[in-house]
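Listing of protein_31.cif; format and content: mmCIF, C-alpha atoms.
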```cif
data_data
loop_
_atom_site.label_atom_id
_atom_site.label_comp_id
_atom_site.auth_asym_id
_atom_site.auth_seq_id
_atom_site.Cartn_x
_atom_site.Cartn_y
_atom_site.Cartn_z
CA MET A 66 30.14 13.37 -6.59
CA PRO A 67 29.08 15.27 -9.75
CA LEU A 68 29.44 19.05 -9.68
CA PRO A 69 26.13 20.98 -9.47
CA GLU A 70 24.93 22.63 -12.64
CA LEU A 71 24.87 26.45 -12.66
CA SER A 72 22.17 28.58 -14.22
CA SER A 73 23.03 31.07 -16.95
CA LYS A 74 22.47 33.91 -14.43
CA GLU A 75 24.92 32.35 -11.95
CA ILE A 76 27.50 31.86 -14.70
CA ALA A 77 27.19 35.53 -15.70
CA VAL A 78 27.66 36.68 -12.11
CA ALA A 79 30.71 34.43 -11.69
CA ALA A 80 32.23 35.77 -14.89
CA THR A 81 31.69 39.35 -13.75
CA VAL A 82 33.39 38.68 -10.41
CA ALA A 83 36.31 36.90 -12.07
CA GLY A 84 36.73 39.75 -14.51
CA ALA A 85 36.79 42.31 -11.70
CA VAL A 86 39.43 40.28 -9.84
CA ALA A 87 41.57 40.02 -12.97
CA VAL A 88 41.31 43.76 -13.69
CA GLY A 89 42.16 44.50 -10.07
CA ALA A 90 45.21 42.24 -10.19
CA ILE A 91 46.43 43.84 -13.43
CA GLY A 92 45.96 47.27 -11.92
CA TYR A 93 47.89 46.26 -8.81
CA TRP A 94 50.87 44.99 -10.74
CA ALA A 95 50.82 48.00 -13.09
CA LEU A 96 50.84 50.28 -10.04
CA ARG A 97 53.62 48.25 -8.44
CA ARG A 98 55.81 48.48 -11.54
CA SER A 99 55.21 52.22 -11.90
CA SER A 100 55.64 52.90 -8.19
CA SER A 101 58.48 54.71 -6.46
CA THR A 102 60.75 51.67 -6.88
CA THR A 103 61.20 52.69 -10.54
CA PRO A 104 64.49 54.63 -10.75
CA SER A 105 63.10 57.56 -12.76
CA ALA A 106 59.81 57.85 -10.81
CA LYS A 107 59.07 61.34 -9.53
CA LYS A 108 58.72 61.31 -5.77
CA ALA A 109 59.30 63.58 -2.82
CA GLY A 110 62.77 63.08 -1.42
CA PRO A 111 64.22 63.85 2.01
CA LYS A 112 65.11 67.39 3.06
CA PRO A 113 68.52 68.80 4.02
CA ASN A 114 69.69 67.61 7.46
CA ASP A 115 67.30 64.64 7.41
CA VAL A 116 68.92 61.51 8.85
CA VAL A 117 68.05 58.85 6.28
CA GLY A 118 69.95 55.89 7.70
CA ASP A 119 73.05 54.51 9.38
CA VAL A 120 76.11 52.79 7.98
CA SER A 121 75.72 49.10 8.77
CA SER A 122 78.80 47.77 6.97
CA ILE A 123 81.98 48.97 5.26
CA VAL A 124 83.73 46.59 2.89
CA LEU A 125 87.16 46.93 1.32
CA TYR A 126 87.97 45.01 -1.85
CA PRO A 127 91.78 45.32 -1.90
CA VAL A 128 92.07 43.37 -5.16
CA LYS A 129 89.62 44.01 -7.94
CA SER A 130 87.12 41.17 -8.39
CA ILE A 131 88.15 38.96 -5.47
CA ARG A 132 86.51 38.73 -2.04
CA GLY A 133 86.14 41.68 0.29
CA ILE A 134 87.08 42.48 3.89
CA GLU A 135 84.61 43.99 6.36
CA VAL A 136 86.10 46.77 8.47
CA SER A 137 84.72 48.96 11.26
CA SER A 138 86.05 52.19 9.76
CA ALA A 139 87.91 53.33 6.67
CA ARG A 140 89.76 56.38 5.42
CA CYS A 141 88.18 58.08 2.42
CA LEU A 142 90.48 59.40 -0.28
CA LYS A 143 89.59 60.95 -3.64
CA ARG A 144 90.25 57.65 -5.40
CA GLY A 145 88.15 55.67 -2.93
CA PHE A 146 88.80 54.04 0.43
CA LYS A 147 92.47 53.57 1.23
CA TYR A 148 93.44 50.11 -0.07
CA ASP A 149 90.10 49.58 -1.82
CA ARG A 150 90.55 48.20 -5.35
CA ARG A 151 94.16 49.39 -5.48
CA PHE A 152 95.48 45.98 -6.52
CA ILE A 153 94.51 44.38 -9.80
CA ILE A 154 95.23 41.04 -11.46
CA VAL A 155 96.40 41.31 -15.06
CA ASP A 156 97.02 38.78 -17.80
CA THR A 157 100.22 40.10 -19.33
CA ALA A 158 100.11 37.33 -21.95
CA ALA A 159 96.66 38.33 -23.25
CA ALA A 160 96.36 38.07 -27.01
CA ASN A 161 94.84 41.52 -27.62
CA PRO A 162 95.42 43.84 -24.67
CA PRO A 163 94.28 47.47 -24.93
CA GLU A 164 96.78 49.48 -26.96
CA GLY A 165 99.68 50.84 -24.94
CA THR A 166 98.92 48.78 -21.83
CA VAL A 167 100.79 45.93 -20.13
CA GLY A 168 97.92 43.44 -20.45
CA ASP A 169 94.24 42.70 -19.95
CA PHE A 170 92.79 42.96 -16.43
CA LEU A 171 90.93 39.94 -15.05
CA ASN A 172 87.60 39.83 -13.24
CA LEU A 173 85.09 37.14 -12.24
CA LEU A 174 83.41 37.16 -15.64
CA LYS A 175 86.72 36.41 -17.34
CA MET A 176 88.09 34.07 -14.64
CA PRO A 177 85.41 32.88 -12.15
CA LYS A 178 87.89 31.01 -9.94
CA LEU A 179 89.18 34.36 -8.63
CA ALA A 180 86.17 34.20 -6.29
CA HIS A 181 88.05 31.59 -4.22
CA ILE A 182 90.84 34.00 -3.22
CA GLN A 183 90.47 35.53 0.25
CA PRO A 184 92.51 38.68 0.97
CA ARG A 185 93.81 40.02 4.28
CA LEU A 186 95.56 43.29 5.08
CA LEU A 187 98.34 43.34 7.70
CA GLU A 188 99.38 46.76 8.99
CA ASN A 189 103.08 47.46 8.81
CA GLY A 190 103.72 50.98 10.02
CA ASP A 191 102.34 53.39 7.44
CA LYS A 192 102.14 50.61 4.85
CA VAL A 193 100.34 47.27 4.64
CA THR A 194 101.08 43.76 3.51
CA LEU A 195 98.45 42.13 1.33
CA VAL A 196 97.92 38.43 2.03
CA LEU A 197 96.21 36.27 -0.58
CA GLU A 198 94.93 32.83 0.48
CA ALA A 199 93.11 30.00 -1.28
CA ASP A 200 92.30 26.40 -0.41
CA ARG A 201 95.01 23.96 -1.52
CA HIS A 202 97.21 26.84 -2.64
CA GLY A 203 98.41 28.24 0.67
CA SER A 204 99.08 31.95 0.81
CA VAL A 205 101.43 34.65 -0.40
CA HIS A 206 102.44 37.84 1.39
CA VAL A 207 102.69 40.92 -0.83
CA PRO A 208 104.28 44.00 0.78
CA GLU A 209 102.85 47.29 -0.44
CA PRO A 210 105.24 48.20 -3.27
CA ASP A 211 107.57 51.15 -2.99
CA THR A 212 107.18 53.03 -6.27
CA ALA A 213 110.64 54.63 -6.17
CA GLY A 214 112.62 53.36 -9.13
CA ARG A 215 109.85 51.03 -10.31
CA GLU A 216 108.46 51.13 -13.82
CA ARG A 217 104.98 52.57 -14.04
CA VAL A 218 102.81 50.76 -16.54
CA LYS A 219 99.48 51.67 -18.05
CA LEU A 220 96.37 49.62 -17.33
CA HIS A 221 93.00 50.07 -19.01
CA VAL A 222 89.87 49.23 -17.00
CA TYR A 223 86.75 49.45 -19.10
CA ARG A 224 86.89 52.92 -20.66
CA THR A 225 89.68 54.72 -18.76
CA THR A 226 93.41 54.25 -18.23
CA GLY A 227 95.57 54.65 -15.13
CA GLU A 228 99.02 53.67 -13.96
CA ALA A 229 100.31 50.97 -11.62
CA VAL A 230 103.49 49.23 -10.52
CA ASP A 231 104.25 45.51 -10.60
CA CYS A 232 104.04 43.74 -7.23
CA GLY A 233 106.91 41.36 -7.95
CA ASP A 234 107.68 37.79 -8.97
CA GLU A 235 106.57 36.04 -5.77
CA ALA A 236 103.00 37.32 -6.09
CA ALA A 237 103.06 36.54 -9.82
CA ALA A 238 104.23 32.97 -9.21
CA TRP A 239 101.48 32.34 -6.66
CA LEU A 240 98.80 33.72 -8.99
CA ALA A 241 100.19 31.77 -11.95
CA ALA A 242 100.00 28.54 -9.95
CA PHE A 243 96.48 29.33 -8.74
CA THR A 244 95.06 30.35 -12.12
CA GLY A 245 97.11 28.03 -14.33
CA SER A 246 98.05 31.05 -16.44
CA PRO A 247 101.79 31.86 -16.41
CA GLY A 248 101.29 35.43 -17.66
CA VAL A 249 99.15 36.55 -14.71
CA ARG A 250 100.69 39.22 -12.47
CA LEU A 251 99.57 41.55 -9.68
CA PHE A 252 99.79 45.34 -10.00
CA TYR A 253 99.24 48.17 -7.52
CA MET A 254 97.96 51.74 -7.88
CA ALA A 255 99.98 53.73 -5.34
CA GLU A 256 99.00 57.23 -4.27
CA ASP A 257 101.83 58.80 -6.28
CA VAL A 258 100.98 57.18 -9.61
CA ARG A 259 98.43 58.54 -12.06
CA SER A 260 94.92 57.35 -11.28
CA ARG A 261 92.03 56.96 -13.70
CA LEU A 262 90.04 60.13 -14.37
CA ILE A 263 86.27 59.87 -14.70
CA ALA A 264 86.21 62.85 -17.09
CA GLU A 265 88.13 60.71 -19.61
CA ASP A 266 85.35 58.11 -19.72
CA PRO A 267 83.83 58.48 -23.21
CA LYS A 268 80.45 57.17 -22.03
CA TRP A 269 79.93 58.69 -18.59
CA GLY A 270 82.64 61.36 -18.33
CA ASP A 271 80.07 64.15 -18.08
CA ARG A 272 79.03 62.82 -14.67
CA GLY A 273 82.46 63.39 -13.11
CA ARG A 274 83.49 66.56 -11.34
CA PRO A 275 86.71 68.30 -12.48
CA GLY A 276 89.70 66.17 -11.54
CA GLN A 277 87.52 63.36 -10.17
CA GLU A 278 89.76 60.31 -9.67
CA THR A 279 88.97 56.66 -9.20
CA SER A 280 90.90 53.50 -8.44
CA PHE A 281 90.43 50.21 -10.32
CA ALA A 282 86.70 50.19 -9.53
CA ASN A 283 84.54 49.88 -12.63
CA PHE A 284 83.56 53.56 -12.60
CA ALA A 285 83.24 55.47 -9.32
CA PRO A 286 85.40 55.55 -6.19
CA TYR A 287 82.55 54.39 -3.95
CA MET A 288 79.31 52.44 -4.22
CA LEU A 289 76.44 52.65 -1.76
CA CYS A 290 73.53 50.22 -1.41
CA THR A 291 70.85 49.88 1.25
CA GLU A 292 70.00 46.73 3.12
CA GLN A 293 66.31 47.34 2.40
CA SER A 294 66.99 47.17 -1.33
CA ARG A 295 68.78 43.85 -0.94
CA VAL A 296 65.89 42.44 1.09
CA ASP A 297 63.39 43.63 -1.51
CA ILE A 298 65.09 42.04 -4.51
CA SER A 299 65.68 38.86 -2.48
CA SER A 300 61.96 38.60 -1.74
CA ARG A 301 61.09 39.17 -5.37
CA VAL A 302 63.38 36.42 -6.67
CA GLY A 303 62.42 34.04 -3.85
CA ARG A 304 65.82 33.48 -2.22
CA ASP A 305 68.30 35.37 -0.09
CA LEU A 306 70.83 37.22 -2.25
CA GLU A 307 74.18 38.12 -0.73
CA MET A 308 75.02 41.81 -0.71
CA SER A 309 78.48 40.83 -1.98
CA ARG A 310 76.89 40.06 -5.38
CA PHE A 311 76.51 43.82 -5.78
CA ARG A 312 79.95 44.67 -4.34
CA PRO A 313 79.12 47.95 -2.56
CA ASN A 314 81.72 49.28 -0.16
CA ILE A 315 79.21 51.33 1.86
CA ILE A 316 76.08 49.52 3.07
CA VAL A 317 73.35 51.52 4.79
CA THR A 318 70.32 50.51 6.79
CA SER A 319 67.70 53.11 5.89
CA ALA A 320 65.60 54.93 8.45
CA SER A 321 62.63 54.18 6.19
CA PRO A 322 61.49 50.58 5.60
CA ALA A 323 61.08 51.30 1.88
CA ALA A 324 63.58 49.90 -0.60
CA TYR A 325 65.65 51.93 -3.09
CA GLN A 326 65.64 55.06 -0.93
CA GLU A 327 69.21 55.71 -2.11
CA ASP A 328 67.74 56.86 -5.43
CA ASP A 329 66.78 60.10 -3.64
CA TRP A 330 70.05 60.94 -1.88
CA PRO A 331 71.99 63.14 -4.37
CA GLU A 332 74.28 64.62 -1.69
CA PHE A 333 74.82 63.48 1.87
CA ARG A 334 77.30 63.42 4.74
CA ILE A 335 78.72 60.43 6.60
CA GLY A 336 81.06 61.14 9.48
CA ASP A 337 83.20 64.08 8.40
CA VAL A 338 82.97 63.33 4.67
CA ASN A 339 80.60 64.87 2.15
CA PHE A 340 79.51 62.50 -0.64
CA TYR A 341 77.71 63.13 -3.92
CA VAL A 342 76.13 60.79 -6.45
CA LEU A 343 77.86 60.51 -9.81
CA LYS A 344 75.24 58.18 -11.25
CA LYS A 345 72.98 55.29 -10.42
CA CYS A 346 74.62 51.89 -10.85
CA GLY A 347 73.50 49.94 -13.91
CA ARG A 348 74.01 46.25 -13.21
CA CYS A 349 75.91 43.72 -15.31
CA PRO A 350 75.92 39.89 -15.42
CA MET A 351 78.48 39.70 -12.60
CA THR A 352 75.58 39.90 -10.14
CA GLN A 353 74.45 36.51 -11.50
CA LEU A 354 77.61 34.85 -10.14
CA ASP A 355 77.89 33.23 -6.73
CA PRO A 356 80.38 35.60 -5.02
CA THR A 357 82.13 32.76 -3.18
CA THR A 358 82.53 30.33 -6.11
CA GLY A 359 82.24 32.44 -9.26
CA GLU A 360 79.65 30.01 -10.65
CA LYS A 361 76.63 31.40 -12.49
CA THR A 362 73.47 30.73 -10.49
CA GLY A 363 70.89 31.63 -13.15
CA PRO A 364 69.35 34.77 -14.63
CA GLU A 365 68.66 36.45 -11.30
CA PRO A 366 68.77 39.12 -10.06
CA ILE A 367 69.09 40.81 -13.47
CA LYS A 368 65.89 39.22 -14.81
CA THR A 369 63.68 40.53 -12.03
CA LEU A 370 65.43 43.88 -11.69
CA ARG A 371 64.71 44.54 -15.35
CA GLU A 372 61.01 44.24 -14.64
CA PHE A 373 60.93 47.36 -12.47
CA ARG A 374 64.38 48.97 -12.17
CA LEU A 375 65.24 50.12 -15.69
CA GLU A 376 66.29 53.78 -15.91
CA THR A 377 64.26 55.32 -18.74
CA SER A 378 65.52 58.90 -18.37
CA ASP A 379 68.99 58.18 -19.80
CA ALA A 380 69.45 55.91 -22.82
CA ARG A 381 73.04 55.15 -21.81
CA TYR A 382 71.77 52.72 -19.17
CA ALA A 383 70.14 50.71 -21.97
CA ASN A 384 69.02 47.34 -20.57
CA SER A 385 71.10 47.48 -17.37
CA PRO A 386 68.81 47.67 -14.32
CA ILE A 387 69.60 49.96 -11.41
CA PHE A 388 70.78 48.82 -7.99
CA GLY A 389 72.73 51.21 -5.79
CA SER A 390 74.52 54.51 -6.31
CA GLN A 391 78.03 55.22 -7.58
CA ILE A 392 79.40 58.12 -5.56
CA GLY A 393 82.37 60.39 -4.97
CA ALA A 394 83.80 62.15 -1.91
CA GLU A 395 84.46 65.88 -1.66
CA GLN A 396 87.27 65.59 0.88
CA GLU A 397 89.36 63.10 2.75
CA GLY A 398 88.20 61.80 6.11
CA VAL A 399 87.13 58.74 8.06
CA ILE A 400 83.74 57.05 8.17
CA SER A 401 82.70 54.28 10.54
CA VAL A 402 80.02 51.66 10.99
CA GLY A 403 77.19 53.29 12.93
CA ASP A 404 77.67 56.75 11.40
CA SER A 405 74.47 58.49 10.34
CA VAL A 406 73.75 59.32 6.71
CA ILE A 407 72.58 62.95 6.66
CA ILE A 408 71.14 64.67 3.59
CA ARG A 409 72.92 67.86 2.53
#
```
Target format structure tokens, applied to this file:
Amino acid sequence: MPLPELSSKEIAVAATVAGAVAVGAIGYWALRRSSSTTPSAKKAGPKPNDVVGDVSSIVLYPVKSIRGIEVSSARCLKRGFKYDRRFIIVDTAAANPPEGTVGDFLNLLKMPKLAHIQPRLLENGDKVTLVLEADRHGSVHVPEPDTAGRERVKLHVYRTTGEAVDCGDEAAAWLAAFTGSPGVRLFYMAEDVRSRLIAEDPKWGDRGRPGQETSFANFAPYMLCTEQSRVDISSRVGRDLEMSRFRPNIIVTSASPAAYQEDDWPEFRIGDVNFYVLKKCGRCPMTQLDPTTGEKTGPEPIKTLREFRLETSDARYANSPIFGSQIGAEQEGVISVGDSVIIR
């Protein structure tokens, strides 16, 4: 059936309506992009003593860049949770390691197959045994090293250097067989060896408090993300994104349904520990990797986060979009799943 012909007056009316719809849509998306989800947007934050959420998950990553372990509670130390990112895998045969160090540390971007290693922690009195397991490679038990009489070596992680001790030949042999790289060894940052100091970071050192320590995490001892933020970015990219892509060790379910509420929590208390934000977390391409396989799954979530989560108030973030907060602890203590997050 042929379409009916429209008069010039009807065409003009239709064009006007279409134009209004288009302008409205543009305005909506402009408002959405400049809304409170933008990291630097000015907005009213919570007041002291406001309960802004509850801890829904605590995750330890004993070995940098491999899988994590969910726990019901964890002890907070200045360097981070006890046993969180205290072990690190290093290629001691690397061609150009940082000057003065024993080798080049490995992560998922450098060696994606590390995503297949599952850790476990077995309590052994006041120490633990780290167990590493992988399909078709069995497992290896790594007792927490005693630092007495062991050589302390320097390891450089991104922009700062700390010390560690070698975990021995058995762990090294297992990792060499798994990775196919004979120079790969496991190292451990014990409490009595020199940690990395945030103040020594040439890029972000001004954000650290005096004497602020960190483990082998990229920058800060702790990272906090909210479940609402994960749900929001998942809806925007059109598929469910695992929180483990972002590797926080404190996950909070906000009292508010809005996403990115953590942007407005500069200081807060969980359990008997006071926390403070060092900086917002600028995201790198590691979030584009499947956390269980190490395979790159496409440009997301970086592509979409860059559309509305770039931090424009500090040029050091450059093109790295914001997701989560990198935080420190003022004192030692224990936090647990279910604890409230209370603004200070």
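Picked out by the PyMOL selection byres ((chain A and resi 385) around 7) when it runs on this file: Gly347, Arg348, Cys349, Leu375, Tyr382, Ala383, Asn384, Pro386 and Ile387 of chain A.
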I need the residue nearest Arg140 in chain A from this list: A:Leu125, A:Arg295, A:Thr166, A:Pro350. Use only C-alpha atoms for the distance.
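Of all the options, A:Leu125 lies closest to Arg140 in chain A.
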(request) For the structure provided, state which residues fall under the PyMOL selection byres ((chain A and resi 288) around 9), and present them as a list of chain:residue names. (result) A:Ala285, A:Pro286, A:Tyr287, A:Leu289, A:Cys290, A:Arg312, A:Pro313, A:Asn314, A:Ile315, A:Ile316, A:Cys346, A:Gly389, A:Ser390, A:Gln391, A:Ile392, A:Gly393
Write a file of the just-selected residues containing C-alpha atoms, as an mmCIF file, in the coordinates of the input.
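again-v5.cif, freshly written:
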```cif
data_model
loop_
_atom_site.group_PDB
_atom_site.id
_atom_site.type_symbol
_atom_site.label_atom_id
_atom_site.label_comp_id
_atom_site.auth_asym_id
_atom_site.auth_seq_id
_atom_site.Cartn_x
_atom_site.Cartn_y
_atom_site.Cartn_z
ATOM 1 C CA ALA A 285 83.240 55.470 -9.320
ATOM 2 C CA PRO A 286 85.400 55.550 -6.190
ATOM 3 C CA TYR A 287 82.550 54.390 -3.950
ATOM 4 C CA LEU A 289 76.440 52.650 -1.760
ATOM 5 C CA CYS A 290 73.530 50.220 -1.410
ATOM 6 C CA ARG A 312 79.950 44.670 -4.340
ATOM 7 C CA PRO A 313 79.120 47.950 -2.560
ATOM 8 C CA ASN A 314 81.720 49.280 -0.160
ATOM 9 C CA ILE A 315 79.210 51.330 1.860
ATOM 10 C CA ILE A 316 76.080 49.520 3.070
ATOM 11 C CA CYS A 346 74.620 51.890 -10.850
ATOM 12 C CA GLY A 389 72.730 51.210 -5.790
ATOM 13 C CA SER A 390 74.520 54.510 -6.310
ATOM 14 C CA GLN A 391 78.030 55.220 -7.580
ATOM 15 C CA ILE A 392 79.400 58.120 -5.560
ATOM 16 C CA GLY A 393 82.370 60.390 -4.970
#
```
* To do: Please write the residues picked by the PyMOL selection byres ((chain A and resi 242-249) around 6) on this file as a PyMOL selection string.
  => chain A and resi 155-158+239-241+250
Can you list, as a ChimeraX atom specification, every protein, DNA or RNA residue that comes within 7 Å of range 143-151 of chain A when you count only C-alpha atoms, leaving out same-chain residues fewer than 5 positions away? /A:125-129,253-254,278-282,286-287,394,396-397
Between CA of Leu142 in chain A and CA of Leu174 in chain A, what is the spacing in Å?
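Computed distance, CA of Leu174 in chain A to CA of Leu142 in chain A, equals 27.9 Å.
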*How far is it from CA of Ser204 in chain A to CA of Val230 in chain A, in Å with one decimal?*
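So the two atoms, CA of Ser204 in chain A and CA of Val230 in chain A, lie 21.1 Å apart.
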Task: Using all atoms listed in the file: which of A:Glu198, A:Phe252, A:Arg132, A:Lys368 has the shortest distance to Glu216 in chain A - done: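 Of A:Glu198, A:Phe252, A:Arg132, A:Lys368, the one nearest Glu216 in chain A, counting all atoms listed in the file, is A:Phe252.
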Neighbouring residues of Asp191 in chain A were defined as those with any atom within 12 Å, considering all atoms listed in the file; residues of the same chain fewer than 2 positions away were excluded. Please report them as an NGL selection string. :A and (147 or 187-189 or 193-194 or 208-209 or 211)
Export of the given selection (C-alpha atoms) as an mmCIF file, in the frame of the given file:
```
data_model
loop_
_atom_site.group_PDB
_atom_site.id
_atom_site.type_symbol
_atom_site.label_atom_id
_atom_site.label_comp_id
_atom_site.auth_asym_id
_atom_site.auth_seq_id
_atom_site.Cartn_x
_atom_site.Cartn_y
_atom_site.Cartn_z
ATOM 1 C CA LYS A 147 92.470 53.570 1.230
ATOM 2 C CA LEU A 187 98.340 43.340 7.700
ATOM 3 C CA GLU A 188 99.380 46.760 8.990
ATOM 4 C CA ASN A 189 103.080 47.460 8.810
ATOM 5 C CA VAL A 193 100.340 47.270 4.640
ATOM 6 C CA THR A 194 101.080 43.760 3.510
ATOM 7 C CA PRO A 208 104.280 44.000 0.780
ATOM 8 C CA GLU A 209 102.850 47.290 -0.440
ATOM 9 C CA ASP A 211 107.570 51.150 -2.990
#
```
* Name the residues in contact with Ala236 in chain A at a cut-off of 7 Å, using only C-alpha atoms, excluding same-chain residues fewer than 3 positions from it; report them as a ChimeraX atom specification. => /A:205,207,232-233,239-240,251
Fill in: Residues within 10 Å of (86.0, 39.7, -13.7), counting all atoms listed in the file, listed as a list in words
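Collected hits near the coordinates: Lys129, Ser130, Ile131, Ile154, Phe170, Leu171, Asn172, Leu173, Leu174, Lys175, Met176, Pro177, Lys178, Leu179, Ala180, Met351 and Gly359 of chain A.
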One decimal place gives the CA of Ser319 in chain A-CA of Arg272 in chain A separation as 25.4 Å
Build an axis-aligned box that encloses every atom of range 269-288 of chain A listed in the file, pad it by 3 Å on each side, and report its centre and edge lengths in Å to one decimal, as JSON.
```
{"center_x": 85.0, "center_y": 59.1, "center_z": -11.3, "size_x": 17.9, "size_y": 24.4, "size_z": 20.6}
```
Considering only C-alpha atoms, state which residue in the set A:Asp297, A:Asp328, A:Glu395, A:Glu256 is at the smallest distance from Pro366 in chain A.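 Selected residue with least distance to Pro366 in chain A: A:Asp297.
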